Every structure is written in structure tokens, then in C-alpha cells.
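Text of the file my_file14.pdb, holding PDB, C-alpha atoms:
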ATOM      1  CA  MET A 164     121.239 132.226  99.780
ATOM      2  CA  LYS A 165     123.894 132.242 102.513
ATOM      3  CA  LYS A 166     121.253 131.405 105.144
ATOM      4  CA  LEU A 167     120.065 128.472 103.057
ATOM      5  CA  LEU A 168     123.613 127.151 102.726
ATOM      6  CA  LYS A 169     124.128 127.595 106.444
ATOM      7  CA  PHE A 170     121.160 125.344 107.292
ATOM      8  CA  THR A 171     121.626 122.762 104.519
ATOM      9  CA  PRO A 172     123.868 120.433 106.599
ATOM     10  CA  ILE A 173     121.349 120.492 109.458
ATOM     11  CA  LEU A 174     118.488 119.661 107.077
ATOM     12  CA  LEU A 175     120.501 116.821 105.554
ATOM     13  CA  LEU A 176     121.222 115.395 108.996
ATOM     14  CA  LEU A 177     117.511 115.521 109.879
ATOM     15  CA  VAL A 178     116.609 113.730 106.645
ATOM     16  CA  ILE A 179     119.220 111.033 107.341
ATOM     17  CA  LEU A 180     118.045 110.552 110.927
ATOM     18  CA  SER A 181     114.382 110.388 109.963
ATOM     19  CA  SER A 182     115.096 107.871 107.199
ATOM     20  CA  CYS A 183     116.894 105.640 109.720
ATOM     21  CA  SER A 184     113.776 105.318 111.823
ATOM     22  CA  SER A 185     111.473 104.156 109.036
ATOM     23  CA  VAL A 186     110.514 100.607 108.205
ATOM     24  CA  LYS A 187     111.387  99.348 104.753
ATOM     25  CA  VAL A 188     108.961  96.734 103.497
ATOM     26  CA  ALA A 189     108.788  94.341 100.587
ATOM     27  CA  ALA A 190     106.561  91.467  99.567
ATOM     28  CA  ASP A 191     106.577  88.587  97.151
ATOM     29  CA  TYR A 192     103.796  86.203  96.249
ATOM     30  CA  ASP A 193     102.846  83.184  94.181
ATOM     31  CA  ARG A 194     101.320  84.533  90.976
ATOM     32  CA  GLU A 195      99.350  81.294  90.535
ATOM     33  CA  SER A 196      97.434  81.757  93.805
ATOM     34  CA  ASN A 197      93.956  83.246  93.740
ATOM     35  CA  PHE A 198      93.905  85.394  96.869
ATOM     36  CA  ASP A 199      90.129  85.864  96.573
ATOM     37  CA  ASP A 200      89.766  82.194  97.613
ATOM     38  CA  TYR A 201      91.327  82.833 101.035
ATOM     39  CA  LYS A 202      88.929  83.886 103.770
ATOM     40  CA  THR A 203      90.196  82.302 107.008
ATOM     41  CA  PHE A 204      93.523  82.030 108.823
ATOM     42  CA  ALA A 205      95.303  80.405 111.738
ATOM     43  CA  PHE A 206      98.827  80.631 113.079
ATOM     44  CA  PHE A 207     101.327  77.933 112.064
ATOM     45  CA  LYS A 208     102.672  76.947 115.471
ATOM     46  CA  PRO A 209     105.655  74.812 114.285
ATOM     47  CA  GLY A 210     106.990  77.768 112.284
ATOM     48  CA  ILE A 211     106.321  80.342 114.983
ATOM     49  CA  ASP A 212     108.007  78.188 117.635
ATOM     50  CA  LYS A 213     111.235  78.333 115.597
ATOM     51  CA  ALA A 214     111.300  82.161 115.510
ATOM     52  CA  GLU A 215     114.362  83.310 117.465
ATOM     53  CA  ILE A 216     112.800  86.080 119.538
ATOM     54  CA  ASN A 217     111.496  86.196 123.065
ATOM     55  CA  ASP A 218     107.955  85.035 123.762
ATOM     56  CA  ILE A 219     106.739  88.513 124.719
ATOM     57  CA  ASP A 220     107.770  90.010 121.380
ATOM     58  CA  LYS A 221     106.402  86.946 119.604
ATOM     59  CA  ARG A 222     102.987  87.554 121.190
ATOM     60  CA  ARG A 223     103.181  91.256 120.269
ATOM     61  CA  ILE A 224     103.834  90.336 116.648
ATOM     62  CA  LEU A 225     101.054  87.728 116.537
ATOM     63  CA  ARG A 226      98.532  90.152 118.065
ATOM     64  CA  ALA A 227      99.492  92.792 115.487
ATOM     65  CA  ILE A 228      99.155  90.285 112.624
ATOM     66  CA  GLU A 229      95.786  89.076 113.911
ATOM     67  CA  ALA A 230      94.508  92.662 114.198
ATOM     68  CA  GLU A 231      95.607  93.440 110.626
ATOM     69  CA  LEU A 232      94.022  90.314 109.156
ATOM     70  CA  LEU A 233      90.759  90.828 111.060
ATOM     71  CA  ALA A 234      90.671  94.459 109.897
ATOM     72  CA  LYS A 235      91.005  93.224 106.315
ATOM     73  CA  GLY A 236      87.958  90.974 106.760
ATOM     74  CA  TYR A 237      89.651  87.610 107.328
ATOM     75  CA  THR A 238      88.355  85.286 110.046
ATOM     76  CA  LYS A 239      90.401  83.268 112.507
ATOM     77  CA  SER A 240      89.480  79.599 112.173
ATOM     78  CA  GLU A 241      90.253  76.076 113.373
ATOM     79  CA  ASN A 242      89.979  74.951 109.737
ATOM     80  CA  PRO A 243      91.770  77.812 107.923
ATOM     81  CA  ASP A 244      92.483  78.530 104.263
ATOM     82  CA  MET A 245      95.777  80.203 105.208
ATOM     83  CA  LEU A 246      98.474  79.525 107.788
ATOM     84  CA  VAL A 247     100.543  82.412 109.116
ATOM     85  CA  SER A 248     104.129  82.006 110.300
ATOM     86  CA  ILE A 249     106.935  84.389 111.240
ATOM     87  CA  PHE A 250     110.695  84.418 111.496
ATOM     88  CA  THR A 251     113.276  87.076 112.242
ATOM     89  CA  LYS A 252     116.869  88.023 111.521
ATOM     90  CA  SER A 253     118.981  90.797 112.957
ATOM     91  CA  ASN A 254     122.233  92.518 112.031
ATOM     92  CA  GLN A 255     124.374  95.171 113.665
ATOM     93  CA  ARG A 256     124.325  98.367 111.608
ATOM     94  CA  VAL A 257     127.180 100.861 111.934
ATOM     95  CA  ASP A 258     126.731 104.356 110.491
ATOM     96  CA  VAL A 259     129.556 106.887 110.387
ATOM     97  CA  TYR A 260     128.615 110.518 109.859
ATOM     98  CA  ASN A 261     131.421 112.864 108.853
ATOM     99  CA  ASN A 262     130.282 116.373 109.667
ATOM    100  CA  ALA A 263     133.027 118.580 108.254
ATOM    101  CA  TRP A 264     131.694 122.124 108.229
ATOM    102  CA  GLY A 265     133.773 124.485 106.133
ATOM    103  CA  ASN A 266     137.460 124.931 105.405
ATOM    104  CA  GLY A 267     138.250 127.223 108.282
ATOM    105  CA  ALA A 268     138.280 130.928 109.085
ATOM    106  CA  TRP A 269     140.126 133.659 110.864
ATOM    107  CA  GLY A 270     139.194 133.930 114.501
ATOM    108  CA  TRP A 271     140.129 133.757 118.138
ATOM    109  CA  GLY A 272     141.259 130.287 119.133
ATOM    110  CA  GLY A 273     141.290 130.562 122.891
ATOM    111  CA  TYR A 274     144.814 129.739 124.155
ATOM    112  CA  GLY A 275     146.097 129.597 120.571
ATOM    113  CA  GLY A 276     145.463 133.296 120.041
ATOM    114  CA  TRP A 277     144.245 135.021 116.924
ATOM    115  CA  GLY A 278     144.820 133.308 113.568
ATOM    116  CA  TRP A 279     143.609 130.811 111.020
ATOM    117  CA  ARG A 280     141.511 127.986 112.474
ATOM    118  CA  SER A 281     140.646 124.829 110.604
ATOM    119  CA  GLY A 282     136.950 124.005 110.098
ATOM    120  CA  TRP A 283     134.854 122.176 112.620
ATOM    121  CA  ASN A 284     135.115 118.447 112.056
ATOM    122  CA  ASN A 285     132.957 116.089 114.052
ATOM    123  CA  ASN A 286     132.676 112.398 113.210
ATOM    124  CA  GLN A 287     129.832 110.513 114.807
ATOM    125  CA  VAL A 288     129.443 106.742 114.912
ATOM    126  CA  SER A 289     126.055 105.195 115.478
ATOM    127  CA  VAL A 290     125.561 101.478 116.149
ATOM    128  CA  SER A 291     122.067 100.016 116.008
ATOM    129  CA  THR A 292     120.408  96.673 115.544
ATOM    130  CA  GLN A 293     118.699  96.320 112.187
ATOM    131  CA  GLY A 294     116.042  93.671 112.358
ATOM    132  CA  VAL A 295     114.073  91.914 109.677
ATOM    133  CA  LEU A 296     110.648  90.487 110.388
ATOM    134  CA  PHE A 297     109.310  88.014 107.848
ATOM    135  CA  ILE A 298     105.639  87.080 107.714
ATOM    136  CA  ASP A 299     104.845  83.976 105.704
ATOM    137  CA  ILE A 300     101.369  83.065 104.552
ATOM    138  CA  LEU A 301     100.900  79.503 103.388
ATOM    139  CA  ASN A 302      98.115  77.642 101.640
ATOM    140  CA  SER A 303      96.895  75.439 104.488
ATOM    141  CA  LYS A 304      96.013  72.450 102.288
ATOM    142  CA  LYS A 305      99.291  72.267 100.354
ATOM    143  CA  LYS A 306     101.531  73.844 103.050
ATOM    144  CA  GLU A 307     103.038  75.994 100.269
ATOM    145  CA  LEU A 308     104.149  79.584 100.638
ATOM    146  CA  ILE A 309     101.779  81.935  98.799
ATOM    147  CA  TRP A 310     102.915  85.321 100.195
ATOM    148  CA  GLN A 311     105.895  86.632 102.121
ATOM    149  CA  GLY A 312     106.255  90.101 103.558
ATOM    150  CA  SER A 313     109.426  91.483 105.072
ATOM    151  CA  GLY A 314     109.994  94.579 107.142
ATOM    152  CA  THR A 315     113.440  95.957 107.924
ATOM    153  CA  GLY A 316     114.186  98.641 110.470
ATOM    154  CA  ASN A 317     115.721  99.595 113.782
ATOM    155  CA  LEU A 318     114.543  97.259 116.530
ATOM    156  CA  GLU A 319     116.155  98.573 119.693
ATOM    157  CA  VAL A 320     113.407 100.111 121.753
ATOM    158  CA  LYS A 321     113.773 100.057 125.510
ATOM    159  CA  ASN A 322     110.335 101.491 126.345
ATOM    160  CA  THR A 323     107.663  98.759 126.100
ATOM    161  CA  ASP A 324     104.981 101.131 124.782
ATOM    162  CA  LYS A 325     107.343 102.280 122.048
ATOM    163  CA  LYS A 326     108.295  98.660 121.297
ATOM    164  CA  ASP A 327     104.623  97.765 120.963
ATOM    165  CA  ALA A 328     104.098 100.683 118.582
ATOM    166  CA  ARG A 329     107.217  99.774 116.596
ATOM    167  CA  ILE A 330     106.078  96.171 116.117
ATOM    168  CA  LYS A 331     102.619  97.368 115.039
ATOM    169  CA  GLU A 332     104.315  99.706 112.553
ATOM    170  CA  PHE A 333     106.361  96.828 111.078
ATOM    171  CA  VAL A 334     103.278  94.616 110.688
ATOM    172  CA  SER A 335     100.973  97.371 109.453
ATOM    173  CA  GLU A 336     103.444  98.501 106.773
ATOM    174  CA  MET A 337     103.839  94.913 105.525
ATOM    175  CA  PHE A 338     100.100  94.257 105.420
ATOM    176  CA  MET A 339      99.615  97.284 103.186
ATOM    177  CA  LEU A 340     100.990  94.895 100.543
ATOM    178  CA  PHE A 341      98.539  92.081 101.378
ATOM    179  CA  PRO A 342      96.642  90.747  99.603
ATOM    180  CA  PRO A 343      98.663  91.580  96.535
ATOM    181  CA  GLU A 344      97.029  93.467  93.700
ATOM    182  CA  VAL A 345      97.133  90.833  90.985
ATOM    183  CA  LYS A 346      97.311  92.360  87.521
TER     184      LYS A 346
END
Represent the structure from my file as C-alpha cells, please.
Amino acid sequence: MKKLLKFTPILLLLVILSSCSSVKVAADYDRESNFDDYKTFAFFKPGIDKAEINDIDKRRILRAIEAELLAKGYTKSENPDMLVSIFTKSNQRVDVYNNAWGNGAWGWGGYGGWGWRSGWNNNQVSVSTQGVLFIDILNSKKKELIWQGSGTGNLEVKNTDKKDARIKEFVSEMFMLFPPEVK
């Protein structure tokens, strides 16, 4: 039991760190839309042009979206049923971890000599950029939103291969919710 208690803070820290790296997704859709009617897609350039991200990341996102839609059996078309657009938001996220381990113990304190020592207390502050990627799917005839997916997670990735993988993860997680299962 003592060994379990000894490793509990470490396990909790690992759970917290692993949960910070995941993508949280959500989706909403128009309940009046019949998603079985949609077979083709194209990108909605006016909407995509307004997305406030660099062109390289924009292309990464669009390639990931195209791959997901093609994998689901949709066809890219000049005369599409659906238009796909994106936009992004970002926020600074500050996490403070207070790692106070124990109340103290008797022991040798270096220059302080032998005596009671207070517990180890280590506060850590982590600052990261939390980004939100929105993918909008519109009915091309009416130009009305029929589905919106959002993915929230840590965006700061300095390695381009990791950034590519992270963007694919965002898009893939969102498209698990598309098309919606209409009940």
C-alpha cells in the first residue's frame, strides 16, 4: 500500500500530461439536412481565405480534410453538393501544477544540519497555445451551414513532421463525427 501511495502523484502527473496532449472534438449539425443526399464536395475559397493562419498550415489542413472526405467515399467536384470552409481561433493556456509532496520528515539538511525538514514543494507553470480548428460544411445550393466540427488542443509544434501529424489528428478526430448519425 505504501508503494502505491508513493507512486500515486507520479501517475496523476502522467495522466494530466497525457490529457493535455489530446484533441477535444465536438460537432453540431442541422437536423433537417439529409446527409445521404450529399455525395460531392469542394472547398469554399472565400471562407478559407479569411482563416487567420499561415498558408502552409492552411494547405496542411485542406489536404487532411480532402483525404478524410475521399476516404469516406465523397468525391471532389466542380459542381459540389457541399462546400467546406475552415476558421481558427487560439488562446494562451496557463497551467499551474502544485506538487507538494508530504508534510516533512526528520533528516539531514546539508548546511542546516540534522532536524525537521519541510516537505518538497515544487510549483510548475506551463504556458501553451490552445487552438481551435473549426470545419464548416455548407449546403452548396443554399450556402447554409449543415455541419460544424471543432477540435481543440495544443498547437505549438516546432517540428514540421509532428505539426503535419498533429493537424491530421485534429481533422481525423473531427471527421469521426461526420456524417452525423441521425436518429
Quick check on the file I pasted: which residues fall under the PyMOL selection byres ((chain A and resi 293-303) around 7)? Write them as a JSON list (two decimals) with C-alpha atoms, in the coordinates of the input.
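The resulting file, result09.json, is reproduced below:
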[["chain", "number", "residue", "atom", "x", "y", "z"],
["A", 243, "PRO", "CA", 91.77, 77.81, 107.92],
["A", 244, "ASP", "CA", 92.48, 78.53, 104.26],
["A", 245, "MET", "CA", 95.78, 80.20, 105.21],
["A", 246, "LEU", "CA", 98.47, 79.53, 107.79],
["A", 247, "VAL", "CA", 100.54, 82.41, 109.12],
["A", 248, "SER", "CA", 104.13, 82.01, 110.30],
["A", 249, "ILE", "CA", 106.94, 84.39, 111.24],
["A", 250, "PHE", "CA", 110.70, 84.42, 111.50],
["A", 251, "THR", "CA", 113.28, 87.08, 112.24],
["A", 252, "LYS", "CA", 116.87, 88.02, 111.52],
["A", 253, "SER", "CA", 118.98, 90.80, 112.96],
["A", 254, "ASN", "CA", 122.23, 92.52, 112.03],
["A", 255, "GLN", "CA", 124.37, 95.17, 113.66],
["A", 256, "ARG", "CA", 124.32, 98.37, 111.61],
["A", 291, "SER", "CA", 122.07, 100.02, 116.01],
["A", 292, "THR", "CA", 120.41, 96.67, 115.54],
["A", 304, "LYS", "CA", 96.01, 72.45, 102.29],
["A", 305, "LYS", "CA", 99.29, 72.27, 100.35],
["A", 306, "LYS", "CA", 101.53, 73.84, 103.05],
["A", 307, "GLU", "CA", 103.04, 75.99, 100.27],
["A", 308, "LEU", "CA", 104.15, 79.58, 100.64],
["A", 309, "ILE", "CA", 101.78, 81.94, 98.80],
["A", 310, "TRP", "CA", 102.92, 85.32, 100.20],
["A", 311, "GLN", "CA", 105.90, 86.63, 102.12],
["A", 312, "GLY", "CA", 106.26, 90.10, 103.56],
["A", 313, "SER", "CA", 109.43, 91.48, 105.07],
["A", 314, "GLY", "CA", 109.99, 94.58, 107.14],
["A", 315, "THR", "CA", 113.44, 95.96, 107.92],
["A", 316, "GLY", "CA", 114.19, 98.64, 110.47],
["A", 317, "ASN", "CA", 115.72, 99.60, 113.78],
["A", 318, "LEU", "CA", 114.54, 97.26, 116.53]]
Just the residues within 9 Å of Thr238 in chain A, please, counting all atoms listed in the file, with nothing from its chain fewer than 2 positions along; format it as an NGL selection string.
-> :A and (202-205 or 232-233 or 236 or 240 or 243)
How would you write, as a PyMOL selection string, the residues chosen by the PyMOL selection byres ((chain A and resi 343) around 10) on this structure?
-> chain A and resi 190-194+197-198+310+338-342+344-346
Translate the PyMOL selection byres ((chain A and resi 228) around 10), as applied to the file shown, into an explicit residue set as a PyMOL selection string.
-> chain A and resi 206+222-227+229-234+247-249+298+330-331+333-335+337-338
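Straight-line separation from CA of Ile219 in chain A to CA of Asp324 in chain A: 12.7 Å.
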Using all atoms listed in the file, the residue out of A:Asp220, A:Asn242, A:Val257, A:Asp199 with shortest distance to Asp327 in chain A is A:Asp220
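Here CA of Val188 in chain A is placed at a distance of 28.2 Å from CA of Asn261 in chain A.
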Nearest to Lys239 in chain A by atom-to-atom distance, counting all atoms listed in the file, from A:Thr323, A:Ile211, A:Glu336, A:Tyr201 | A:Tyr201
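From CA of Ala328 in chain A back to CA of Val186 in chain A, the distance works out to 12.2 Å.
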Range 293-312 of chain A: axis-aligned bounding box, 3 Å on each side, centre and edge lengths in Å, one decimal, as AutoDock Vina command-line options:
--center_x 107.4 --center_y 84.3 --center_z 105.6 --size_x 28.7 --size_y 30.1 --size_z 19.6
